[in-house]
file my_file.csv (CSV, C-alpha atoms)
chain,number,residue,atom,x,y,z
A,1016,MET,CA,7.9,9.5,14.4
A,1017,ARG,CA,4.4,10.4,13.5
A,1018,LEU,CA,3.1,8.3,16.4
A,1019,LEU,CA,5.5,10.1,18.8
A,1020,GLY,CA,4.6,13.5,17.4
A,1021,ALA,CA,0.9,12.8,17.8
A,1022,GLY,CA,1.3,11.6,21.3
A,1023,LEU,CA,3.3,14.7,22.3
A,1024,PHE,CA,0.7,16.9,20.7
A,1025,VAL,CA,-2.1,15.3,22.7
A,1026,TRP,CA,0.0,15.3,25.9
A,1027,PHE,CA,0.9,19.0,25.7
A,1028,GLY,CA,-2.6,19.8,24.6
A,1029,MET,CA,-4.0,18.2,27.7
A,1030,MET,CA,-1.5,20.0,29.9
A,1031,GLY,CA,-2.6,23.3,28.3
A,1032,LEU,CA,-6.3,22.4,28.8
A,1033,VAL,CA,-5.7,21.6,32.5
A,1034,GLY,CA,-3.8,24.9,32.8
A,1035,LEU,CA,-6.7,26.7,31.1
A,1036,ILE,CA,-9.3,25.2,33.4
A,1037,GLY,CA,-7.2,26.0,36.4
A,1038,GLY,CA,-6.7,29.5,35.3
A,1039,LEU,CA,-10.4,29.9,35.0
A,1040,GLY,CA,-10.8,28.8,38.6
A,1041,TRP,CA,-13.1,25.9,37.7
A,1042,PHE,CA,-11.2,23.5,40.0
A,1043,GLU,CA,-11.8,25.6,43.1
A,1044,SER,CA,-15.0,27.5,42.5
A,1045,GLY,CA,-16.8,25.9,39.6
A,1046,PRO,CA,-19.4,23.1,39.8
A,1047,VAL,CA,-17.8,19.8,40.7
A,1048,TRP,CA,-18.6,18.3,37.3
A,1049,ILE,CA,-17.3,21.1,35.1
A,1050,ALA,CA,-13.6,20.4,35.2
A,1051,PRO,CA,-13.8,16.6,34.5
A,1052,LEU,CA,-16.3,17.4,31.7
A,1053,GLY,CA,-14.0,19.9,30.1
A,1054,ILE,CA,-11.1,17.4,30.2
A,1055,ALA,CA,-13.3,14.5,28.9
A,1056,ALA,CA,-14.4,16.7,26.0
A,1057,GLY,CA,-11.0,18.0,25.2
A,1058,MET,CA,-9.2,14.7,24.9
A,1059,PRO,CA,-11.1,13.2,21.9
A,1060,LEU,CA,-11.0,16.6,20.2
A,1061,LEU,CA,-7.2,16.7,20.6
A,1062,ILE,CA,-6.8,13.1,19.4
A,1063,GLY,CA,-8.9,13.8,16.3
A,1064,VAL,CA,-6.8,16.9,15.5
A,1065,ALA,CA,-3.6,14.8,16.0
A,1066,VAL,CA,-4.9,12.1,13.6
A,1067,LYS,CA,-5.7,14.7,11.0
A,1068,LEU,CA,-2.4,16.6,11.4
A,1069,PHE,CA,0.1,13.7,11.6
A,1070,ASN,CA,-1.5,11.3,9.1
A,1071,PRO,CA,-0.9,11.7,5.3
A,1072,LYS,CA,-3.8,10.4,3.2
A,1073,GLY,CA,-3.9,6.6,3.4
A,1074,VAL,CA,-1.4,6.3,6.3
A,1075,ASP,CA,-2.3,5.5,9.9
A,1076,LEU,CA,-0.3,6.5,13.0
A,1077,PHE,CA,1.4,3.1,13.0
A,1078,GLY,CA,2.8,3.6,9.5
A,1079,ALA,CA,0.5,1.3,7.6
A,1080,LYS,CA,-0.2,2.7,4.2
A,1081,SER,CA,-3.1,2.1,1.8
A,1082,SER,CA,-4.2,3.7,-1.4
A,1083,GLY,CA,-7.2,5.5,0.2
A,1084,LYS,CA,-9.1,4.6,-2.9
A,1085,TYR,CA,-12.2,3.4,-1.2
A,1086,PRO,CA,-14.0,4.9,1.9
A,1087,SER,CA,-13.8,2.9,5.1
A,1088,LYS,CA,-17.5,2.1,4.9
A,1089,TYR,CA,-16.9,0.1,1.8
A,1090,PHE,CA,-14.4,-2.1,3.7
A,1091,ARG,CA,-16.8,-2.5,6.6
A,1092,ASP,CA,-19.6,-3.6,4.2
A,1093,LEU,CA,-17.4,-6.2,2.5
A,1094,GLU,CA,-16.3,-7.5,5.9
A,1095,GLU,CA,-19.9,-7.8,7.2
A,1096,GLN,CA,-20.8,-9.7,4.0
A,1097,GLY,CA,-17.8,-12.0,4.3
A,1098,LEU,CA,-16.5,-10.7,1.0
A,1099,LEU,CA,-13.1,-9.3,2.0
A,1100,GLU,CA,-10.2,-11.7,1.9
A,1101,THR,CA,-6.9,-10.7,3.4
A,1102,GLU,CA,-3.5,-12.3,2.7
A,1103,ASP,CA,-0.3,-11.2,4.6
A,1104,PHE,CA,3.1,-11.4,2.9
A,1105,THR,CA,6.7,-10.7,3.8
A,1106,ALA,CA,9.0,-9.9,0.9
A,1107,SER,CA,12.8,-9.3,0.6
A,1108,ARG,CA,13.2,-8.2,-3.1
A,1109,ALA,CA,11.2,-7.2,-6.1
A,1110,PHE,CA,11.5,-6.4,-9.7
A,1111,GLY,CA,9.0,-5.0,-12.2
A,1112,VAL,CA,8.1,-5.7,-15.8
A,1113,GLU,CA,7.3,-2.8,-18.1
A,1114,GLU,CA,3.7,-2.2,-19.1
A,1115,TYR,CA,3.3,-2.9,-22.9
A,1116,ASP,CA,-0.1,-1.4,-23.6
A,1117,ASP,CA,-2.8,-0.8,-21.0
A,1118,GLU,CA,-2.6,-3.9,-18.8
A,1119,GLY,CA,-1.1,-2.2,-15.8
A,1120,LEU,CA,2.1,-2.7,-13.8
A,1121,HIS,CA,3.7,-6.1,-13.1
A,1122,TYR,CA,5.8,-7.0,-10.0
A,1123,TYR,CA,7.6,-10.2,-9.0
A,1124,LEU,CA,8.2,-10.3,-5.2
A,1125,GLU,CA,10.5,-12.7,-3.5
A,1126,LEU,CA,8.7,-14.0,-0.4
A,1127,ALA,CA,10.2,-15.1,2.9
A,1128,ASP,CA,9.2,-18.7,2.4
A,1129,GLY,CA,11.0,-18.9,-1.0
A,1130,GLY,CA,8.0,-18.4,-3.2
A,1131,VAL,CA,7.5,-15.6,-5.7
A,1132,LEU,CA,4.4,-13.5,-5.6
A,1133,PHE,CA,3.2,-12.0,-8.9
A,1134,LEU,CA,0.9,-9.0,-8.9
A,1135,THR,CA,-0.3,-7.2,-12.0
A,1136,GLY,CA,-2.9,-4.6,-12.8
A,1137,GLN,CA,-3.8,-0.9,-13.0
A,1138,TYR,CA,-4.4,-0.8,-9.2
A,1139,LEU,CA,-0.6,-0.9,-8.6
A,1140,TYR,CA,-0.4,2.7,-9.9
A,1141,ASP,CA,-2.1,3.8,-6.7
A,1142,TYR,CA,1.2,3.0,-4.8
A,1143,GLU,CA,3.7,4.4,-7.2
A,1144,PRO,CA,5.6,7.6,-6.6
A,1145,THR,CA,4.2,10.7,-8.2
A,1146,PHE,CA,6.0,14.1,-8.3
A,1147,ASP,CA,4.3,16.0,-11.1
A,1148,ASP,CA,1.0,16.9,-9.5
A,1149,SER,CA,1.1,19.1,-6.3
A,1150,GLU,CA,-2.3,17.8,-5.2
A,1151,ILE,CA,-1.5,14.1,-5.3
A,1152,ASN,CA,2.3,13.9,-4.9
A,1153,GLN,CA,3.3,10.9,-2.9
A,1154,PRO,CA,6.4,8.7,-2.3
A,1155,ARG,CA,6.6,5.1,-3.3
A,1156,TYR,CA,4.5,2.9,-1.0
A,1157,PHE,CA,4.8,-0.5,-2.8
A,1158,PRO,CA,6.6,-2.9,-3.1
A,1159,CYS,CA,7.5,-3.1,0.6
A,1160,THR,CA,8.8,-5.7,3.0
A,1161,GLU,CA,5.5,-6.4,4.8
A,1162,PHE,CA,2.1,-5.9,3.3
A,1163,SER,CA,-1.5,-7.3,3.2
A,1164,VAL,CA,-3.4,-7.8,0.0
A,1165,LEU,CA,-7.2,-7.2,0.4
A,1166,ARG,CA,-9.1,-8.9,-2.3
A,1167,HIS,CA,-12.8,-9.2,-3.1
A,1168,LYS,CA,-13.5,-12.9,-2.3
A,1169,ALA,CA,-16.2,-13.3,-5.0
A,1170,GLU,CA,-14.9,-11.2,-7.9
A,1171,GLY,CA,-11.2,-11.6,-7.3
A,1172,TYR,CA,-10.1,-8.0,-7.8
A,1173,VAL,CA,-7.7,-6.3,-5.4
A,1174,VAL,CA,-9.5,-3.8,-3.2
A,1175,ASP,CA,-6.4,-2.4,-1.5
A,1176,ILE,CA,-2.8,-3.2,-0.5
A,1177,VAL,CA,-1.9,-2.2,3.1
A,1178,CYS,CA,1.8,-1.5,3.1
A,1179,ARG,CA,4.0,-1.9,6.2
A,1180,GLY,CA,7.7,-2.3,6.9
A,1181,ASP,CA,10.2,-0.7,4.5
A,1182,VAL,CA,9.7,0.3,0.9
A,1183,LEU,CA,11.5,-2.0,-1.6
A,1184,GLU,CA,12.8,-0.1,-4.6
A,1185,PRO,CA,12.4,-2.5,-7.6
A,1186,GLU,CA,15.8,-4.0,-8.5
A,1187,LEU,CA,15.1,-3.4,-12.2
A,1188,VAL,CA,12.3,-3.0,-14.7
A,1189,ALA,CA,12.4,-5.8,-17.3
A,1190,PRO,CA,11.2,-5.4,-20.9
A,1191,PRO,CA,7.4,-5.9,-21.4
A,1192,PHE,CA,5.7,-9.2,-21.9
A,1193,ASP,CA,5.4,-9.9,-25.6
A,1194,PHE,CA,2.6,-11.5,-27.7
A,1195,LYS,CA,4.2,-14.9,-27.3
A,1196,ASP,CA,4.2,-14.7,-23.6
A,1197,PHE,CA,0.4,-13.9,-23.5
A,1198,ASP,CA,-0.5,-16.4,-26.3
A,1199,ASN,CA,1.3,-19.2,-24.6
A,1200,ASP,CA,0.0,-18.4,-21.1
A,1201,LEU,CA,3.5,-17.5,-19.8
A,1202,VAL,CA,2.2,-14.4,-17.9
A,1203,PRO,CA,1.2,-15.4,-14.3
A,1204,GLU,CA,-2.2,-14.6,-12.9
A,1205,ASP,CA,-2.6,-11.6,-10.5
A,1206,GLY,CA,-1.9,-13.0,-7.0
A,1207,GLN,CA,-0.3,-16.2,-8.3
A,1208,ILE,CA,2.5,-17.6,-6.1
A,1209,ILE,CA,5.3,-19.3,-8.1
A,1210,SER,CA,7.0,-22.0,-6.2
A,1211,ASP,CA,8.8,-24.1,-8.9
A,1212,VAL,CA,11.0,-21.3,-10.3
A,1213,SER,CA,13.3,-19.1,-8.1
A,1214,TYR,CA,13.2,-15.3,-8.0
A,1215,ASP,CA,16.6,-15.1,-9.5
A,1216,GLU,CA,15.7,-17.4,-12.4
A,1217,LEU,CA,12.6,-15.5,-13.1
A,1218,LYS,CA,14.6,-12.3,-13.2
A,1219,ARG,CA,17.1,-13.9,-15.5
A,1220,GLN,CA,14.4,-15.1,-17.8
A,1221,ARG,CA,12.8,-11.7,-18.0
A,1222,THR,CA,16.0,-9.8,-18.6
A,1223,ASN,CA,18.1,-12.2,-20.8
A,1224,PRO,CA,17.2,-11.8,-24.5
A,1225,LYS,CA,18.4,-15.4,-25.1
A,1226,THR,CA,15.7,-16.8,-22.9
A,1227,LYS,CA,12.7,-14.8,-24.2
A,1228,GLN,CA,11.5,-13.4,-27.5
A,1229,THR,CA,11.1,-9.7,-27.7
A,1230,THR,CA,8.0,-8.0,-29.1
A,1231,SER,CA,9.8,-6.7,-32.1
A,1232,SER,CA,11.2,-10.1,-33.1
A,1233,TRP,CA,7.7,-11.7,-32.6
A,1234,TRP,CA,6.3,-9.1,-35.1
A,1235,ALA,CA,9.2,-9.8,-37.5
A,1236,LYS,CA,8.4,-13.5,-37.5
A,1237,LEU,CA,4.7,-12.9,-37.8
A,1238,PHE,CA,4.9,-10.7,-40.8
A,1239,GLY,CA,8.1,-12.2,-42.3
A,1240,SER,CA,10.2,-9.0,-42.0
call {"tool": "encode", "arguments": {"input": "my_file.csv", "output": "structure tokens"}}
result
Amino acid sequence: MRLLGAGLFVWFGMMGLVGLIGGLGWFESGPVWIAPLGIAAGMPLLIGVAVKLFNPKGVDLFGAKSSGKYPSKYFRDLEEQGLLETEDFTASRAFGVEEYDDEGLHYYLELADGGVLFLTGQYLYDYEPTFDDSEINQPRYFPCTEFSVLRHKAEGYVVDIVCRGDVLEPELVAPPFDFKDFDNDLVPEDGQIISDVSYDELKRQRTNPKTKQTTSSWWAKLFGS
């Protein structure tokens, strides 16, 4: 709809510009170059205004959404240096794991090929819905059905997630990882694709108290209480 609205804005703007030039008599009595020059100058101006009007921050006219955290020059510099790695994914379902301390959000995403992508980190907050600040209120952008993860090739951190397709509301938010999970390396790495355990089994493991030890029970065993 944004693309259609922007197109109509430019179309009617150009019609208005042509009408204005005609009303001024430039087609009949003006220099031969003045009418084409006015039209040529008006079109990019109208396109620029349309992009500004019809694009929320971090969303292009085709509906692809990003966090808008870094300026476009930053991406260009990384690309020119060969340091920007892009991975494309298609997902059908997702569930989250509650943050325990300050490690950031966690998401398991069921991929079209049967694998499960695990993403974790503070950067995921950039795509969460916010409704308590009038200056930065935004809907949920991620998880979504189609997206690209842009990662710094040398340092490994996520630079941005470009979200396309439909938003996937998390099916649930499981209890946080406990000390045993971290100590026994049971928490996947950011960007890891799990291929030997199904999405449903991972969800069952994270939500069934019989298959995982809670943080409180771990503390109880640790201190004998």
call {"tool": "closest_residue", "arguments": {"input": "my_file.csv", "among": "A:Asp1196, A:Glu1143, A:Asp1092, A:Glu1100", "to": "Arg1221 (chain A)", "atoms": "all atoms listed in the file"}}
result
A:Asp1196
call {"tool": "residues_around", "arguments": {"input": "my_file.csv", "residues": "Tyr1172 (chain A)", "least_positions_apart": "5", "cutoff": "12 Å", "atoms": "only C-alpha atoms", "output": "compact mmCIF listing (two decimals) with C-alpha atoms, in the coordinates of the input"}}
result
# COMPACT_ATOMS: atom_id res chain seq x y z
CA LEU A 1098 -16.50 -10.70 1.00
CA LEU A 1099 -13.10 -9.30 2.00
CA GLU A 1100 -10.20 -11.70 1.90
CA THR A 1101 -6.90 -10.70 3.40
CA LEU A 1134 0.90 -9.00 -8.90
CA THR A 1135 -0.30 -7.20 -12.00
CA GLY A 1136 -2.90 -4.60 -12.80
CA GLN A 1137 -3.80 -0.90 -13.00
CA TYR A 1138 -4.40 -0.80 -9.20
CA LEU A 1139 -0.60 -0.90 -8.60
CA VAL A 1164 -3.40 -7.80 0.00
CA LEU A 1165 -7.20 -7.20 0.40
CA ARG A 1166 -9.10 -8.90 -2.30
CA HIS A 1167 -12.80 -9.20 -3.10
CA GLU A 1204 -2.20 -14.60 -12.90
CA ASP A 1205 -2.60 -11.60 -10.50
CA GLY A 1206 -1.90 -13.00 -7.00
call {"tool": "closest_residue", "arguments": {"input": "my_file.csv", "among": "A:Gly1111, A:Gly1171, A:Pro1059, A:Gly1130", "to": "Pro1190 (chain A)", "atoms": "only C-alpha atoms"}}
result
A:Gly1111
call {"tool": "closest_residue", "arguments": {"input": "my_file.csv", "among": "A:Tyr1214, A:Leu1201, A:Ala1189, A:Val1177", "to": "Glu1114 (chain A)", "atoms": "all atoms listed in the file"}}
result
A:Ala1189
call {"tool": "atom_distance", "arguments": {"input": "my_file.csv", "atom1": "CA of Phe1157 (chain A)", "atom2": "CA of Asp1181 (chain A)"}}
result
9.1 Å
call {"tool": "atom_distance", "arguments": {"input": "my_file.csv", "atom1": "CA of Leu1187 (chain A)", "atom2": "CA of Gly1119 (chain A)"}}
result
16.6 Å
call {"tool": "closest_residue", "arguments": {"input": "my_file.csv", "among": "A:Pro1203, A:Leu1093, A:Leu1126, A:Phe1110", "to": "Lys1168 (chain A)", "atoms": "all atoms listed in the file"}}
result
A:Leu1093
call {"tool": "closest_residue", "arguments": {"input": "my_file.csv", "among": "A:Asn1199, A:Asp1215, A:Phe1194, A:Gly1028", "to": "Ile1054 (chain A)", "atoms": "all atoms listed in the file"}}
result
A:Gly1028
call {"tool": "atom_distance", "arguments": {"input": "my_file.csv", "atom1": "CA of Glu1170 (chain A)", "atom2": "CA of Asp1103 (chain A)"}}
result
19.2 Å
